[in-house]
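What follows is start_10.pdb (PDB, C-alpha atoms, pLDDT in the B column).
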MODEL        1
ATOM      1  CA  MET A 292      35.257  31.394 -11.624  1.00 60.00           C
ATOM      2  CA  ILE A 293      35.889  34.480  -9.498  1.00 64.00           C
ATOM      3  CA  LYS A 294      34.224  36.674 -12.115  1.00 65.00           C
ATOM      4  CA  PHE A 295      31.153  34.423 -11.995  1.00 64.00           C
ATOM      5  CA  VAL A 296      30.933  34.819  -8.216  1.00 62.00           C
ATOM      6  CA  GLU A 297      31.272  38.589  -8.507  1.00 66.00           C
ATOM      7  CA  ASN A 298      28.506  38.693 -11.118  1.00 68.00           C
ATOM      8  CA  PHE A 299      26.327  36.428  -8.994  1.00 69.00           C
ATOM      9  CA  GLU A 300      26.677  38.693  -5.964  1.00 69.00           C
ATOM     10  CA  ASN A 301      25.695  41.751  -8.026  1.00 75.00           C
ATOM     11  CA  MET A 302      22.783  39.983  -9.674  1.00 84.00           C
ATOM     12  CA  PHE A 303      20.380  40.392  -6.735  1.00 85.00           C
ATOM     13  CA  THR A 304      19.730  43.318  -4.422  1.00 87.00           C
ATOM     14  CA  THR A 305      19.696  42.979  -0.642  1.00 89.00           C
ATOM     15  CA  GLY A 306      15.907  43.240  -0.668  1.00 92.00           C
ATOM     16  CA  GLN A 307      15.644  40.341  -3.117  1.00 92.00           C
ATOM     17  CA  TRP A 308      17.886  38.183  -0.913  1.00 92.00           C
ATOM     18  CA  ILE A 309      15.746  39.001   2.138  1.00 95.00           C
ATOM     19  CA  PHE A 310      12.554  38.216   0.209  1.00 97.00           C
ATOM     20  CA  ALA A 311      13.992  34.892  -0.977  1.00 95.00           C
ATOM     21  CA  ALA A 312      15.006  33.913   2.564  1.00 96.00           C
ATOM     22  CA  LEU A 313      11.611  34.828   4.011  1.00 98.00           C
ATOM     23  CA  PHE A 314       9.819  33.027   1.185  1.00 98.00           C
ATOM     24  CA  ILE A 315      11.813  29.844   1.785  1.00 98.00           C
ATOM     25  CA  ILE A 316      11.128  29.974   5.530  1.00 98.00           C
ATOM     26  CA  ALA A 317       7.389  30.593   4.973  1.00 98.00           C
ATOM     27  CA  PHE A 318       7.227  27.786   2.388  1.00 97.00           C
ATOM     28  CA  ILE A 319       8.871  25.285   4.735  1.00 97.00           C
ATOM     29  CA  ILE A 320       6.498  26.237   7.567  1.00 97.00           C
ATOM     30  CA  ALA A 321       3.464  25.918   5.259  1.00 96.00           C
ATOM     31  CA  MET A 322       4.599  22.500   4.035  1.00 94.00           C
ATOM     32  CA  TYR A 323       5.137  21.312   7.612  1.00 93.00           C
ATOM     33  CA  ILE A 324       1.641  22.426   8.632  1.00 93.00           C
ATOM     34  CA  ALA A 325       0.032  20.899   5.530  1.00 91.00           C
ATOM     35  CA  TYR A 326       1.824  17.589   6.034  1.00 89.00           C
ATOM     36  CA  GLY A 327       0.833  17.566   9.703  1.00 87.00           C
ATOM     37  CA  LYS A 328      -2.836  17.866   8.770  1.00 86.00           C
ATOM     38  CA  ASP A 329      -2.568  15.100   6.147  1.00 86.00           C
ATOM     39  CA  LYS A 330      -0.435  12.710   8.191  1.00 84.00           C
ATOM     40  CA  PRO A 331      -3.319  10.534   9.514  1.00 86.00           C
ATOM     41  CA  LEU A 332      -4.734  10.216   6.001  1.00 85.00           C
ATOM     42  CA  HIS A 333      -1.327   9.299   4.552  1.00 82.00           C
ATOM     43  CA  GLN A 334      -0.825   6.590   7.169  1.00 81.00           C
ATOM     44  CA  LYS A 335      -4.167   5.050   6.261  1.00 84.00           C
ATOM     45  CA  VAL A 336      -4.098   5.363   2.467  1.00 84.00           C
ATOM     46  CA  TYR A 337      -0.394   4.735   1.758  1.00 83.00           C
ATOM     47  CA  LYS A 338       0.165   1.870   4.183  1.00 84.00           C
ATOM     48  CA  GLY A 339       2.880  -0.444   2.841  1.00 83.00           C
ATOM     49  CA  SER A 340       4.044   1.905   0.104  1.00 84.00           C
ATOM     50  CA  TYR A 341       7.618   1.618   1.399  1.00 85.00           C
ATOM     51  CA  LYS A 342       7.723  -1.872  -0.170  1.00 90.00           C
ATOM     52  CA  ILE A 343       7.276  -0.328  -3.627  1.00 92.00           C
ATOM     53  CA  LEU A 344      10.035   2.180  -2.899  1.00 91.00           C
ATOM     54  CA  ILE A 345      12.404  -0.604  -1.821  1.00 95.00           C
ATOM     55  CA  GLY A 346      11.506  -2.573  -4.963  1.00 95.00           C
ATOM     56  CA  PHE A 347      12.242   0.475  -7.123  1.00 96.00           C
ATOM     57  CA  PHE A 348      15.688   0.934  -5.545  1.00 96.00           C
ATOM     58  CA  ILE A 349      16.463  -2.767  -5.966  1.00 97.00           C
ATOM     59  CA  PHE A 350      15.495  -2.481  -9.652  1.00 97.00           C
ATOM     60  CA  ILE A 351      17.802   0.519 -10.157  1.00 97.00           C
ATOM     61  CA  VAL A 352      20.690  -1.290  -8.449  1.00 96.00           C
ATOM     62  CA  LEU A 353      20.006  -4.343 -10.601  1.00 96.00           C
ATOM     63  CA  LEU A 354      20.211  -2.206 -13.744  1.00 96.00           C
ATOM     64  CA  PHE A 355      23.612  -0.870 -12.657  1.00 94.00           C
ATOM     65  CA  VAL A 356      24.852  -4.382 -11.885  1.00 94.00           C
ATOM     66  CA  ILE A 357      23.748  -5.600 -15.325  1.00 94.00           C
ATOM     67  CA  LYS A 358      25.424  -2.587 -16.971  1.00 92.00           C
ATOM     68  CA  ILE A 359      28.699  -3.254 -15.141  1.00 90.00           C
ATOM     69  CA  PHE A 360      28.499  -7.007 -15.917  1.00 88.00           C
ATOM     70  CA  PHE A 361      28.043  -6.490 -19.655  1.00 88.00           C
ATOM     71  CA  LYS A 362      30.616  -3.708 -19.812  1.00 83.00           C
ATOM     72  CA  HIS A 363      33.402  -6.119 -18.869  1.00 71.00           C
TER
ENDMDL
END

Final structure tokens representation of the file:
Amino acid sequence: MIKFVENFENMFTTGQWIFAALFIIAFIIAMYIAYGKDKPLHQKVYKGSYKILIGFFIFIVLLFVIKIFFKH
């Protein structure tokens, strides 16, 4: 494991690490701005979509319950 960490540290130069950090920061800022512009549209178009998400999670939980029930 230590050899993997040593290889990982030597895999990228300092400039590549700086570029990656700046890219991630710029990407997060761009996503925040884009979502802010689309927020009124999302509230209008996707009203009530949380019910589908809740139903999906209930379905997944139900599948696990059935799996556990038939396993024993």

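Atom to atom, atom CA of A:Val352 and atom CA of A:Lys335 stand 29.6 Å apart.
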
Atom CA of A:Tyr326 sits from atom CA of A:Leu344 at a separation of 19.6 Å

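Taking atom CA of A:Lys330 and atom CA of A:Ala317 as the two end points, the separation is 19.8 Å.
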
Working from the structure I just supplied, which lacks atoms in stretch 318-343 of chain A, can you model N, CA, C and O atoms there and output them as a compact mmCIF listing (two decimals), in the coordinates of the input?
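What landed in part22.txt:
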# COMPACT_ATOMS: atom_id res chain seq x y z
N PHE A 318 7.60 28.98 3.14
CA PHE A 318 7.23 27.79 2.39
C PHE A 318 7.46 26.53 3.21
O PHE A 318 6.61 25.62 3.24
N ILE A 319 8.58 26.46 3.91
CA ILE A 319 8.87 25.28 4.74
C ILE A 319 7.86 25.16 5.86
O ILE A 319 7.36 24.06 6.15
N ILE A 320 7.50 26.27 6.50
CA ILE A 320 6.50 26.24 7.57
C ILE A 320 5.15 25.78 7.02
O ILE A 320 4.46 24.94 7.63
N ALA A 321 4.74 26.30 5.86
CA ALA A 321 3.46 25.92 5.26
C ALA A 321 3.44 24.43 4.90
O ALA A 321 2.43 23.75 5.12
N MET A 322 4.53 23.93 4.37
CA MET A 322 4.60 22.50 4.04
C MET A 322 4.52 21.63 5.28
O MET A 322 3.88 20.58 5.28
N TYR A 323 5.17 22.06 6.35
CA TYR A 323 5.14 21.31 7.61
C TYR A 323 3.71 21.26 8.16
O TYR A 323 3.24 20.19 8.59
N ILE A 324 3.01 22.38 8.13
CA ILE A 324 1.64 22.43 8.63
C ILE A 324 0.73 21.57 7.75
O ILE A 324 -0.10 20.80 8.26
N ALA A 325 0.87 21.68 6.45
CA ALA A 325 0.03 20.90 5.53
C ALA A 325 0.28 19.40 5.70
O ALA A 325 -0.67 18.61 5.71
N TYR A 326 1.52 19.00 5.84
CA TYR A 326 1.82 17.59 6.03
C TYR A 326 1.28 17.11 7.37
O TYR A 326 0.79 15.99 7.48
N GLY A 327 1.36 17.95 8.39
CA GLY A 327 0.83 17.57 9.70
C GLY A 327 -0.66 17.29 9.66
O GLY A 327 -1.15 16.37 10.32
N LYS A 328 -1.39 18.09 8.89
CA LYS A 328 -2.84 17.87 8.77
C LYS A 328 -3.15 16.59 7.98
O LYS A 328 -4.15 15.93 8.23
N ASP A 329 -2.32 16.26 7.00
CA ASP A 329 -2.57 15.10 6.15
C ASP A 329 -1.94 13.81 6.67
O ASP A 329 -2.17 12.75 6.10
N LYS A 330 -1.17 13.88 7.72
CA LYS A 330 -0.44 12.71 8.19
C LYS A 330 -1.34 11.52 8.52
O LYS A 330 -1.05 10.40 8.10
N PRO A 331 -2.46 11.70 9.25
CA PRO A 331 -3.32 10.53 9.51
C PRO A 331 -3.87 9.91 8.23
O PRO A 331 -3.95 8.68 8.12
N LEU A 332 -4.23 10.74 7.26
CA LEU A 332 -4.73 10.22 6.00
C LEU A 332 -3.65 9.45 5.26
O LEU A 332 -3.89 8.37 4.70
N HIS A 333 -2.44 9.97 5.23
CA HIS A 333 -1.33 9.30 4.55
C HIS A 333 -1.04 7.94 5.18
O HIS A 333 -0.75 6.98 4.47
N GLN A 334 -1.11 7.87 6.50
CA GLN A 334 -0.82 6.59 7.17
C GLN A 334 -1.87 5.54 6.82
O GLN A 334 -1.57 4.37 6.73
N LYS A 335 -3.10 5.98 6.59
CA LYS A 335 -4.17 5.05 6.26
C LYS A 335 -4.13 4.65 4.78
O LYS A 335 -4.22 3.47 4.45
N VAL A 336 -3.98 5.61 3.90
CA VAL A 336 -4.10 5.36 2.47
C VAL A 336 -2.83 4.72 1.89
O VAL A 336 -2.90 3.84 1.06
N TYR A 337 -1.66 5.18 2.34
CA TYR A 337 -0.39 4.74 1.76
C TYR A 337 0.31 3.69 2.61
O TYR A 337 1.53 3.58 2.59
N LYS A 338 -0.44 2.91 3.35
CA LYS A 338 0.16 1.87 4.18
C LYS A 338 0.88 0.84 3.30
O LYS A 338 0.31 0.35 2.33
N GLY A 339 2.12 0.55 3.59
CA GLY A 339 2.88 -0.44 2.84
C GLY A 339 3.53 0.08 1.57
O GLY A 339 4.10 -0.69 0.81
N SER A 340 3.46 1.37 1.34
CA SER A 340 4.04 1.90 0.10
C SER A 340 5.57 1.86 0.13
O SER A 340 6.21 1.96 -0.91
N TYR A 341 6.15 1.72 1.31
CA TYR A 341 7.62 1.62 1.40
C TYR A 341 8.13 0.39 0.65
O TYR A 341 9.25 0.38 0.15
N LYS A 342 7.30 -0.66 0.55
CA LYS A 342 7.72 -1.87 -0.17
C LYS A 342 7.95 -1.55 -1.66
O LYS A 342 8.88 -2.06 -2.27
N ILE A 343 7.12 -0.72 -2.23
CA ILE A 343 7.28 -0.33 -3.63
C ILE A 343 8.55 0.49 -3.80
O ILE A 343 9.28 0.32 -4.77
